[in-house]
file coords-v2.csv (CSV, C-alpha atoms)
chain,number,residue,atom,x,y,z
J,1,LYS,CA,259.3,22.7,210.9
J,2,VAL,CA,258.5,21.2,214.2
J,3,LYS,CA,255.1,19.6,215.0
J,4,VAL,CA,253.8,20.4,218.5
J,5,GLN,CA,250.7,19.0,220.2
J,6,PHE,CA,249.0,21.4,222.6
J,7,ASN,CA,246.7,20.4,225.4
J,8,SER,CA,245.1,21.8,228.5
J,9,THR,CA,248.2,21.1,230.6
J,10,ASP,CA,249.7,24.1,229.0
J,11,THR,CA,248.1,26.9,231.0
J,12,LEU,CA,248.9,29.6,228.4
J,13,PHE,CA,247.4,27.5,225.6
J,14,SER,CA,244.2,26.8,227.7
J,15,THR,CA,243.7,30.5,227.9
J,16,LEU,CA,244.8,31.5,224.3
J,17,ARG,CA,242.6,29.0,222.5
J,18,ASP,CA,239.4,30.8,223.6
J,19,VAL,CA,240.4,34.4,223.2
J,20,ASN,CA,239.7,36.7,220.2
J,21,PHE,CA,242.6,36.9,217.8
J,22,GLU,CA,243.0,40.6,218.5
J,23,GLN,CA,243.8,39.8,222.2
J,24,VAL,CA,246.4,37.0,221.7
J,25,GLY,CA,249.4,39.4,221.8
J,26,ALA,CA,248.2,41.0,225.1
J,27,HIS,CA,247.8,37.7,226.8
J,28,VAL,CA,251.3,36.5,225.7
J,29,LYS,CA,252.8,39.8,226.9
J,30,ALA,CA,251.0,39.5,230.3
J,31,ARG,CA,252.4,36.0,230.8
J,32,ALA,CA,255.9,37.1,229.9
J,33,THR,CA,255.7,39.9,232.4
J,34,TYR,CA,254.5,37.5,235.1
J,35,LEU,CA,257.3,35.1,234.5
J,36,LYS,CA,259.8,37.9,234.6
J,37,SER,CA,258.5,39.1,237.9
J,38,VAL,CA,258.8,35.6,239.4
J,39,GLN,CA,262.4,35.5,238.1
J,40,ASP,CA,263.3,38.9,239.5
J,41,GLU,CA,261.8,38.0,242.8
J,42,LYS,CA,264.5,35.3,243.2
J,43,ASP,CA,267.2,37.9,243.2
J,44,GLY,CA,265.8,39.7,246.3
J,45,LEU,CA,265.2,36.7,248.5
J,46,GLN,CA,268.0,37.6,250.9
J,47,SER,CA,266.1,40.5,252.2
J,48,LYS,CA,262.8,38.5,252.5
J,49,SER,CA,261.4,37.0,255.7
J,50,VAL,CA,260.9,33.3,256.2
J,51,THR,CA,257.2,33.5,255.5
J,52,GLU,CA,257.8,35.4,252.2
J,53,ILE,CA,260.4,32.8,251.2
J,54,LYS,CA,257.9,30.0,251.8
J,55,GLU,CA,255.4,31.8,249.7
J,56,TYR,CA,257.9,32.1,246.9
J,57,VAL,CA,258.8,28.4,247.1
J,58,LYS,CA,255.1,27.6,246.9
J,59,LYS,CA,254.8,29.8,243.8
J,60,LEU,CA,257.8,28.0,242.2
J,61,ARG,CA,256.1,24.6,242.7
J,62,GLU,CA,253.0,25.9,240.9
J,63,VAL,CA,255.1,27.4,238.0
J,64,ASN,CA,257.8,25.5,236.3
J,65,ILE,CA,259.9,28.5,235.2
J,66,GLN,CA,262.0,26.8,232.6
J,67,GLN,CA,259.1,24.9,231.0
J,68,GLU,CA,257.0,28.0,231.0
J,69,LYS,CA,259.8,29.9,229.3
J,70,ASN,CA,260.1,27.3,226.5
J,71,LEU,CA,256.3,27.3,226.0
J,72,LEU,CA,256.2,31.1,226.1
J,73,SER,CA,258.9,31.3,223.4
J,74,LEU,CA,256.8,28.9,221.2
J,75,HIS,CA,253.6,30.9,221.8
J,76,THR,CA,255.4,34.2,221.1
J,77,SER,CA,256.5,32.8,217.7
J,78,ILE,CA,253.0,31.7,216.9
J,79,ALA,CA,251.6,35.0,218.0
J,80,LEU,CA,253.9,36.9,215.7
J,81,LYS,CA,252.9,34.7,212.8
J,82,LEU,CA,249.2,35.3,213.7
J,83,LYS,CA,249.8,39.1,213.9
J,84,SER,CA,251.4,39.0,210.4
J,85,ALA,CA,248.4,37.2,209.0
J,86,VAL,CA,245.6,39.4,210.6
J,87,THR,CA,247.3,42.7,209.8
J,88,ASP,CA,247.7,41.7,206.1
J,89,ASN,CA,245.7,44.0,203.9
J,90,SER,CA,243.8,41.1,202.2
J,91,PHE,CA,242.6,39.8,205.6
J,92,THR,CA,241.5,43.1,206.9
J,93,ARG,CA,239.6,43.9,203.7
J,94,ARG,CA,237.8,40.5,203.8
J,95,LEU,CA,237.0,40.9,207.5
J,96,GLU,CA,235.6,44.4,206.9
J,97,CYS,CA,233.4,43.2,204.0
J,98,GLU,CA,232.1,40.2,205.9
J,99,GLN,CA,231.3,42.2,209.0
J,100,GLY,CA,229.8,45.0,206.9
J,101,MET,CA,227.5,42.4,205.2
J,102,ILE,CA,226.4,40.8,208.5
J,103,GLN,CA,225.9,44.2,210.2
J,104,GLY,CA,224.0,45.7,207.3
J,105,THR,CA,226.4,48.6,207.0
J,106,MET,CA,227.8,47.7,203.5
J,107,ALA,CA,225.9,48.0,200.3
J,108,THR,CA,225.4,44.7,198.5
J,109,ASP,CA,226.9,46.0,195.2
J,110,LYS,CA,230.0,47.1,197.0
J,111,TYR,CA,230.3,43.6,198.6
J,112,LEU,CA,229.8,41.9,195.2
J,113,ASP,CA,232.5,44.2,193.7
J,114,TYR,CA,234.9,43.0,196.3
J,115,ALA,CA,233.9,39.3,195.5
J,116,GLU,CA,234.6,40.0,191.8
J,117,GLU,CA,238.0,41.5,192.7
J,118,VAL,CA,238.9,38.5,194.8
J,119,LEU,CA,237.8,36.2,192.0
J,120,CYS,CA,239.9,38.0,189.4
J,121,CYS,CA,242.9,37.9,191.6
J,122,SER,CA,242.8,34.1,191.5
J,123,GLU,CA,242.1,33.6,195.2
J,124,PRO,CA,241.4,30.0,196.3
J,125,LEU,CA,237.9,28.8,195.3
J,126,PRO,CA,236.7,28.2,198.9
J,127,LYS,CA,237.3,31.8,199.8
J,128,VAL,CA,235.4,33.1,196.9
J,129,LEU,CA,232.5,30.7,197.5
J,130,ARG,CA,232.3,31.6,201.1
J,131,LEU,CA,231.8,35.3,200.2
J,132,LEU,CA,229.1,34.4,197.7
J,133,CYS,CA,227.3,32.0,200.1
J,134,LEU,CA,227.3,34.7,202.9
J,135,CYS,CA,225.8,37.2,200.5
J,136,SER,CA,223.2,34.7,199.3
J,137,LEU,CA,222.1,33.7,202.8
J,138,ILE,CA,221.8,37.3,204.1
J,139,ASN,CA,220.1,38.8,201.0
J,140,ASN,CA,218.1,35.7,199.9
J,141,GLY,CA,220.1,35.2,196.8
J,142,VAL,CA,223.0,36.8,194.8
J,143,ARG,CA,221.9,39.7,192.6
J,144,ARG,CA,224.6,39.3,189.8
J,145,TYR,CA,224.7,35.6,190.0
J,146,ASP,CA,224.8,34.8,186.3
J,147,SER,CA,227.8,37.1,185.6
J,148,LEU,CA,229.6,35.8,188.7
J,149,ARG,CA,229.0,32.2,187.7
J,150,ALA,CA,230.5,32.9,184.2
J,151,MET,CA,233.5,34.5,185.8
J,152,LEU,CA,233.9,31.4,188.1
J,153,VAL,CA,233.9,29.1,185.1
J,154,GLN,CA,236.5,31.3,183.3
J,155,VAL,CA,238.9,31.4,186.3
J,156,HIS,CA,238.4,27.9,187.8
J,157,GLY,CA,237.2,25.8,184.8
J,158,ILE,CA,233.9,24.1,183.9
J,159,GLY,CA,234.2,21.7,186.8
J,160,VAL,CA,233.1,24.5,189.2
J,161,LEU,CA,229.5,24.2,187.9
J,162,VAL,CA,229.2,20.9,189.8
J,163,THR,CA,230.2,22.6,193.0
J,164,LEU,CA,227.8,25.5,192.4
J,165,SER,CA,225.0,23.0,191.7
J,166,ASN,CA,225.7,21.2,195.0
J,167,LEU,CA,225.6,24.5,196.9
J,168,GLU,CA,222.3,25.4,195.2
J,169,LYS,CA,220.8,22.1,196.3
J,170,LEU,CA,221.9,22.7,199.9
J,171,GLY,CA,220.3,26.2,199.8
J,172,LEU,CA,223.6,27.9,200.4
J,173,LEU,CA,223.7,29.7,197.1
J,174,LYS,CA,221.1,30.9,194.6
J,175,LYS,CA,220.1,33.6,192.2
J,176,GLN,CA,218.2,36.5,193.7
J,177,GLU,CA,214.7,37.0,192.3
J,178,SER,CA,214.1,40.5,191.0
J,179,ALA,CA,211.0,42.5,192.0
J,180,THR,CA,209.8,42.4,188.4
J,181,SER,CA,209.7,38.6,188.3
J,182,GLY,CA,207.8,38.5,191.5
J,183,ILE,CA,205.2,40.9,190.2
J,184,SER,CA,204.8,39.1,186.9
J,185,GLY,CA,204.5,35.8,188.7
J,186,LEU,CA,201.8,37.3,190.9
J,187,SER,CA,199.9,38.6,187.9
J,188,SER,CA,199.9,35.2,186.2
J,189,GLN,CA,198.6,33.5,189.3
J,190,ILE,CA,195.8,36.0,189.7
J,191,ALA,CA,194.9,35.7,186.0
J,192,ALA,CA,194.9,31.9,185.9
J,193,ALA,CA,192.8,31.7,189.1
J,194,SER,CA,189.7,33.5,187.5
J,195,ILE,CA,188.4,34.3,190.9
J,196,SER,CA,186.8,37.2,192.7
J,197,VAL,CA,188.7,40.4,193.4
J,198,ALA,CA,188.6,39.7,197.1
J,199,ALA,CA,190.3,36.3,196.7
J,200,ALA,CA,192.9,37.8,194.3
J,201,GLY,CA,193.7,40.4,196.9
J,202,SER,CA,194.1,37.7,199.5
J,203,ILE,CA,196.6,35.8,197.3
J,204,ALA,CA,198.5,39.0,196.6
J,205,ALA,CA,198.7,39.7,200.3
J,206,ASN,CA,200.0,36.3,201.1
J,207,LEU,CA,202.6,36.3,198.3
J,208,VAL,CA,203.8,39.8,199.4
J,209,ALA,CA,204.1,38.6,203.0
J,210,GLU,CA,206.1,35.6,201.9
J,211,LYS,CA,208.5,37.8,199.9
J,212,VAL,CA,208.9,40.3,202.8
J,213,THR,CA,209.6,37.4,205.2
J,214,ALA,CA,212.2,35.9,202.8
J,215,VAL,CA,214.0,39.2,202.2
J,216,THR,CA,214.0,40.4,205.8
J,217,GLY,CA,214.6,37.1,207.4
J,218,TRP,CA,218.2,37.9,208.3
J,219,ASP,CA,217.3,41.3,209.6
J,220,ALA,CA,214.6,39.8,211.8
J,221,LEU,CA,216.9,37.1,213.2
J,222,ARG,CA,219.7,39.7,213.8
J,223,ARG,CA,217.4,41.8,215.9
J,224,ARG,CA,215.5,39.1,217.8
J,225,LEU,CA,218.5,37.0,218.7
J,226,ASN,CA,220.8,40.0,219.2
J,227,LEU,CA,223.4,38.5,216.8
J,228,VAL,CA,225.3,41.7,216.2
J,229,VAL,CA,226.5,43.4,219.4
J,230,ASP,CA,227.3,47.0,218.9
J,231,ALA,CA,229.3,47.6,222.0
J,232,SER,CA,232.8,48.4,223.2
J,233,GLU,CA,235.5,45.7,223.5
J,234,GLU,CA,235.1,45.6,227.3
J,235,GLU,CA,231.4,45.1,227.0
J,236,ARG,CA,231.8,42.3,224.4
J,237,ASP,CA,234.1,40.4,226.7
J,238,GLY,CA,231.0,39.6,228.7
J,239,ASP,CA,229.1,38.2,225.8
J,240,VAL,CA,229.5,35.2,223.4
J,241,SER,CA,230.0,37.7,220.6
J,242,TYR,CA,233.6,38.3,221.6
J,243,ALA,CA,234.6,35.2,219.6
J,244,TYR,CA,233.7,36.9,216.3
J,245,SER,CA,234.5,40.5,217.2
J,246,GLY,CA,230.9,41.5,217.7
J,247,TYR,CA,228.9,38.7,216.0
J,248,ALA,CA,227.2,36.1,218.1
J,249,PRO,CA,226.8,32.8,216.2
J,250,ILE,CA,223.1,31.7,215.8
J,251,SER,CA,224.0,28.2,217.1
J,252,VAL,CA,225.4,29.6,220.4
J,253,ARG,CA,222.5,32.0,220.8
J,254,LEU,CA,220.1,29.1,220.5
J,255,VAL,CA,222.0,27.1,223.1
J,256,GLU,CA,222.1,30.2,225.4
J,257,LYS,CA,218.3,30.5,225.2
J,258,ALA,CA,217.7,26.8,225.7
J,259,LEU,CA,219.7,26.9,229.0
J,260,ARG,CA,217.3,29.5,230.4
J,261,PRO,CA,214.2,28.5,232.3
J,262,PRO,CA,210.7,29.3,230.8
J,263,PRO,CA,209.4,31.6,229.7
J,264,GLN,CA,212.8,32.9,228.5
J,265,GLY,CA,213.8,29.5,227.0
J,266,TRP,CA,212.7,27.9,223.7
J,267,THR,CA,209.1,29.3,223.9
J,268,SER,CA,210.4,32.8,223.5
J,269,LEU,CA,212.1,31.9,220.3
J,270,GLU,CA,209.2,30.2,218.5
J,271,GLU,CA,208.7,33.0,215.9
J,272,SER,CA,212.4,33.4,215.3
J,273,LEU,CA,213.0,29.7,214.8
J,274,LYS,CA,210.4,29.6,212.1
J,275,ILE,CA,212.6,31.8,210.0
J,276,LEU,CA,215.5,29.3,210.1
J,277,PRO,CA,215.5,26.6,207.4
J,278,GLY,CA,214.7,23.0,208.4
J,279,PRO,CA,212.1,21.4,210.6
J,280,LEU,CA,211.5,22.4,214.2
J,281,PHE,CA,210.5,20.0,216.9
J,282,GLN,CA,210.9,19.5,220.6
J,283,LYS,CA,210.7,16.2,222.4
J,284,GLN,CA,210.8,15.8,226.2
J,285,GLN,CA,212.5,12.6,227.1
J,286,GLU,CA,211.5,10.9,230.4
J,287,PRO,CA,213.9,8.4,231.9
J,288,LYS,CA,212.5,4.9,232.1
J,289,ARG,CA,213.8,2.6,234.8
J,290,VAL,CA,213.3,-1.1,234.3
J,291,GLY,CA,213.2,-3.1,237.5
J,292,LEU,CA,215.7,-5.9,237.6
J,293,PRO,CA,216.5,-8.4,240.4
J,294,TRP,CA,220.0,-7.0,240.9
J,295,ASP,CA,218.9,-3.3,241.0
J,296,ILE,CA,220.3,-1.4,244.0
J,297,THR,CA,218.4,1.6,245.3
J,298,PRO,CA,220.7,4.6,244.8
J,299,PRO,CA,221.7,6.5,247.9
J,300,VAL,CA,219.7,9.6,248.9
J,301,CYS,CA,221.6,12.7,247.8
J,302,ASP,CA,221.8,15.9,249.7
J,303,VAL,CA,218.8,18.1,248.8
J,304,SER,CA,220.9,21.2,249.1
J,305,SER,CA,223.4,20.1,246.5
J,306,LYS,CA,222.3,20.7,242.9
J,307,PRO,CA,223.4,18.2,240.3
J,308,ARG,CA,225.5,19.6,237.5
J,309,LYS,CA,223.5,20.0,234.3
J,310,VAL,CA,225.0,18.3,231.2
J,311,VAL,CA,224.0,19.7,227.8
J,312,VAL,CA,225.0,17.9,224.6
J,313,VAL,CA,225.1,20.1,221.5
J,314,MET,CA,225.3,18.2,218.2
J,315,PHE,CA,226.3,19.9,215.0
J,316,ILE,CA,225.4,18.3,211.7
J,317,GLY,CA,228.0,19.2,209.1
J,318,GLY,CA,230.8,20.5,211.3
J,319,VAL,CA,231.5,23.2,213.8
J,320,THR,CA,234.1,26.0,213.9
J,321,PHE,CA,236.6,26.5,216.7
J,322,ALA,CA,235.2,29.9,217.4
J,323,GLU,CA,231.8,28.4,218.1
J,324,VAL,CA,233.4,25.9,220.5
J,325,SER,CA,235.2,28.7,222.3
J,326,ALA,CA,231.9,30.6,222.5
J,327,LEU,CA,230.2,27.6,224.0
J,328,ARG,CA,233.0,27.2,226.5
J,329,PHE,CA,232.5,30.8,227.5
J,330,LEU,CA,228.7,30.2,227.8
J,331,SER,CA,229.4,27.2,230.1
J,332,ARG,CA,231.5,29.4,232.4
J,333,GLN,CA,228.8,32.1,232.4
J,334,GLN,CA,226.4,29.6,233.8
J,335,GLY,CA,228.4,29.7,237.0
J,336,GLY,CA,229.7,26.2,236.5
J,337,GLY,CA,226.2,24.8,236.7
J,338,ALA,CA,226.2,23.6,233.1
J,339,SER,CA,228.7,21.4,231.4
J,340,ILE,CA,228.4,21.7,227.6
J,341,VAL,CA,229.5,18.7,225.5
J,342,VAL,CA,230.1,19.6,221.8
J,343,ALA,CA,229.8,16.8,219.2
J,344,THR,CA,229.8,16.8,215.4

call {"tool": "encode", "arguments": {"input": "coords-v2.csv", "output": "structure tokens"}}
result
Amino acid sequence: KVKVQFNSTDTLFSTLRDVNFEQVGAHVKARATYLKSVQDEKDGLQSKSVTEIKEYVKKLREVNIQQEKNLLSLHTSIALKLKSAVTDNSFTRRLECEQGMIQGTMATDKYLDYAEEVLCCSEPLPKVLRLLCLCSLINNGVRRYDSLRAMLVQVHGIGVLVTLSNLEKLGLLKKQESATSGISGLSSQIAAASISVAAAGSIAANLVAEKVTAVTGWDALRRRLNLVVDASEEERDGDVSYAYSGYAPISVRLVEKALRPPPQGWTSLEESLKILPGPLFQKQQEPKRVGLPWDITPPVCDVSSKPRKVVVVMFIGGVTFAEVSALRFLSRQQGGGASIVVAT
């Protein structure tokens, strides 16, 4: 095994790191075709004019053929490994189930059946928990949580209960409340209140509204923030959803809205943001300049030149490479007028 460190000086890597995994092979092939055309052009230089020869020499200075060939060979090997991984049956089934859950096209029972199958096949624990957490967040809980928890203990040992407890405390995993328990809880509250029928009706309406909001929270977010883009591959290439093959991360959609001027900015998301967990606040920071004896008056800038906007996006708890790629894409979509700095 050879350890290789990639950076932006590798032109092919700077392109590949931000493309969807389905398009890696096409980009590698296009680069190989380009290098071959440059190589073939060298054989026909005798029939070229002086101007054309100068253009070819200029092209050679920009492209180091031998170095590009070595890097291309390396990226081709990586692309083949990646193709082998993404065409594997286990990967395609997992991707189909996760996308079906997010898009709302797969029944919850079918999704949980797949989670049980993965669990029984002794898949790594993080993969199983990721499936369950995704189901819990979208459906406001896991329907067959007790049986799945018992299976987790049987397969991975009693120590997994500590992990499940931590996930429950974080709100990532919980048992889904049945409609019967909700009705019985409602009846007990009304009986204990000993109040008028009108007040009881008001309590019932509020509780029902809370339950509807909790159950349909994901559906509301998906529609309002356009998280699932049902479009062709060509149309997705012009949207941040390209990174996840049709799914736009909530974090990137929020940044996208924040970059827009009012009333399309944060104010248009007030109702949607209330659905997300955690507090919501906005603070406008005004720069304060303290006068000091050695202060120098800054030069007057050209009014016609707009300063480049710098946006800092801080993720608490980590960020995925796909989210970073989507934010890079968003920065380019801003016409170079916004530079996004990602921190975690």

call {"tool": "atom_distance", "arguments": {"input": "coords-v2.csv", "atom1": "atom CA of J:Arg130", "atom2": "atom CA of J:Asn166"}}
result
13.7 Å

call {"tool": "residues_around", "arguments": {"input": "coords-v2.csv", "residues": "J:Gln39", "least_positions_apart": "6", "cutoff": "10 Å", "atoms": "all atoms listed in the file", "output": "ChimeraX atom specification"}}
result
/J:33,60,65

call {"tool": "residues_around", "arguments": {"input": "coords-v2.csv", "residues": "stretch 245-247 of chain J", "least_positions_apart": "3", "cutoff": "6 Å", "atoms": "only C-alpha atoms", "output": "short mmCIF file (atom, residue, chain, number, x, y, z; two decimals) with C-alpha atoms, keeping the file's coordinate frame"}}
result
data_model
loop_
_atom_site.label_atom_id
_atom_site.label_comp_id
_atom_site.auth_asym_id
_atom_site.auth_seq_id
_atom_site.Cartn_x
_atom_site.Cartn_y
_atom_site.Cartn_z
CA LEU J 227 223.40 38.50 216.80
CA VAL J 228 225.30 41.70 216.20
CA VAL J 229 226.50 43.40 219.40
CA SER J 241 230.00 37.70 220.60
CA TYR J 242 233.60 38.30 221.60
#

call {"tool": "closest_residue", "arguments": {"input": "coords-v2.csv", "among": "J:Gly217, J:Pro124, J:Gly171, J:Gly104", "to": "J:Glu271", "atoms": "only C-alpha atoms"}}
result
J:Gly217

call {"tool": "atom_distance", "arguments": {"input": "coords-v2.csv", "atom1": "atom CA of J:Ala150", "atom2": "atom CA of J:Thr92"}}
result
27.2 Å

call {"tool": "closest_residue", "arguments": {"input": "coords-v2.csv", "among": "J:Leu164, J:Ile316, J:Val252, J:Ile275", "to": "J:Ser331", "atoms": "all atoms listed in the file"}}
result
J:Val252

call {"tool": "atom_distance", "arguments": {"input": "coords-v2.csv", "atom1": "atom CA of J:Lys175", "atom2": "atom CA of J:Asp113"}}
result
16.4 Å

call {"tool": "residues_around", "arguments": {"input": "coords-v2.csv", "residues": "J:Val4", "least_positions_apart": "2", "cutoff": "12 Å", "atoms": "only C-alpha atoms", "output": "PyMOL selection string"}}
result
chain J and resi 1-2+6-7+10+13+71+74-75+78

call {"tool": "closest_residue", "arguments": {"input": "coords-v2.csv", "among": "J:Pro277, J:Gly100, J:Ala258, J:Ala85", "to": "J:Leu172", "atoms": "only C-alpha atoms"}}
result
J:Pro277

call {"tool": "residues_around", "arguments": {"input": "coords-v2.csv", "residues": "J:Leu221", "least_positions_apart": "2", "cutoff": "12 Å", "atoms": "only C-alpha atoms", "output": "ChimeraX atom specification"}}
result
/J:102-103,138,213-219,223-228,248-250,253-254,269-276
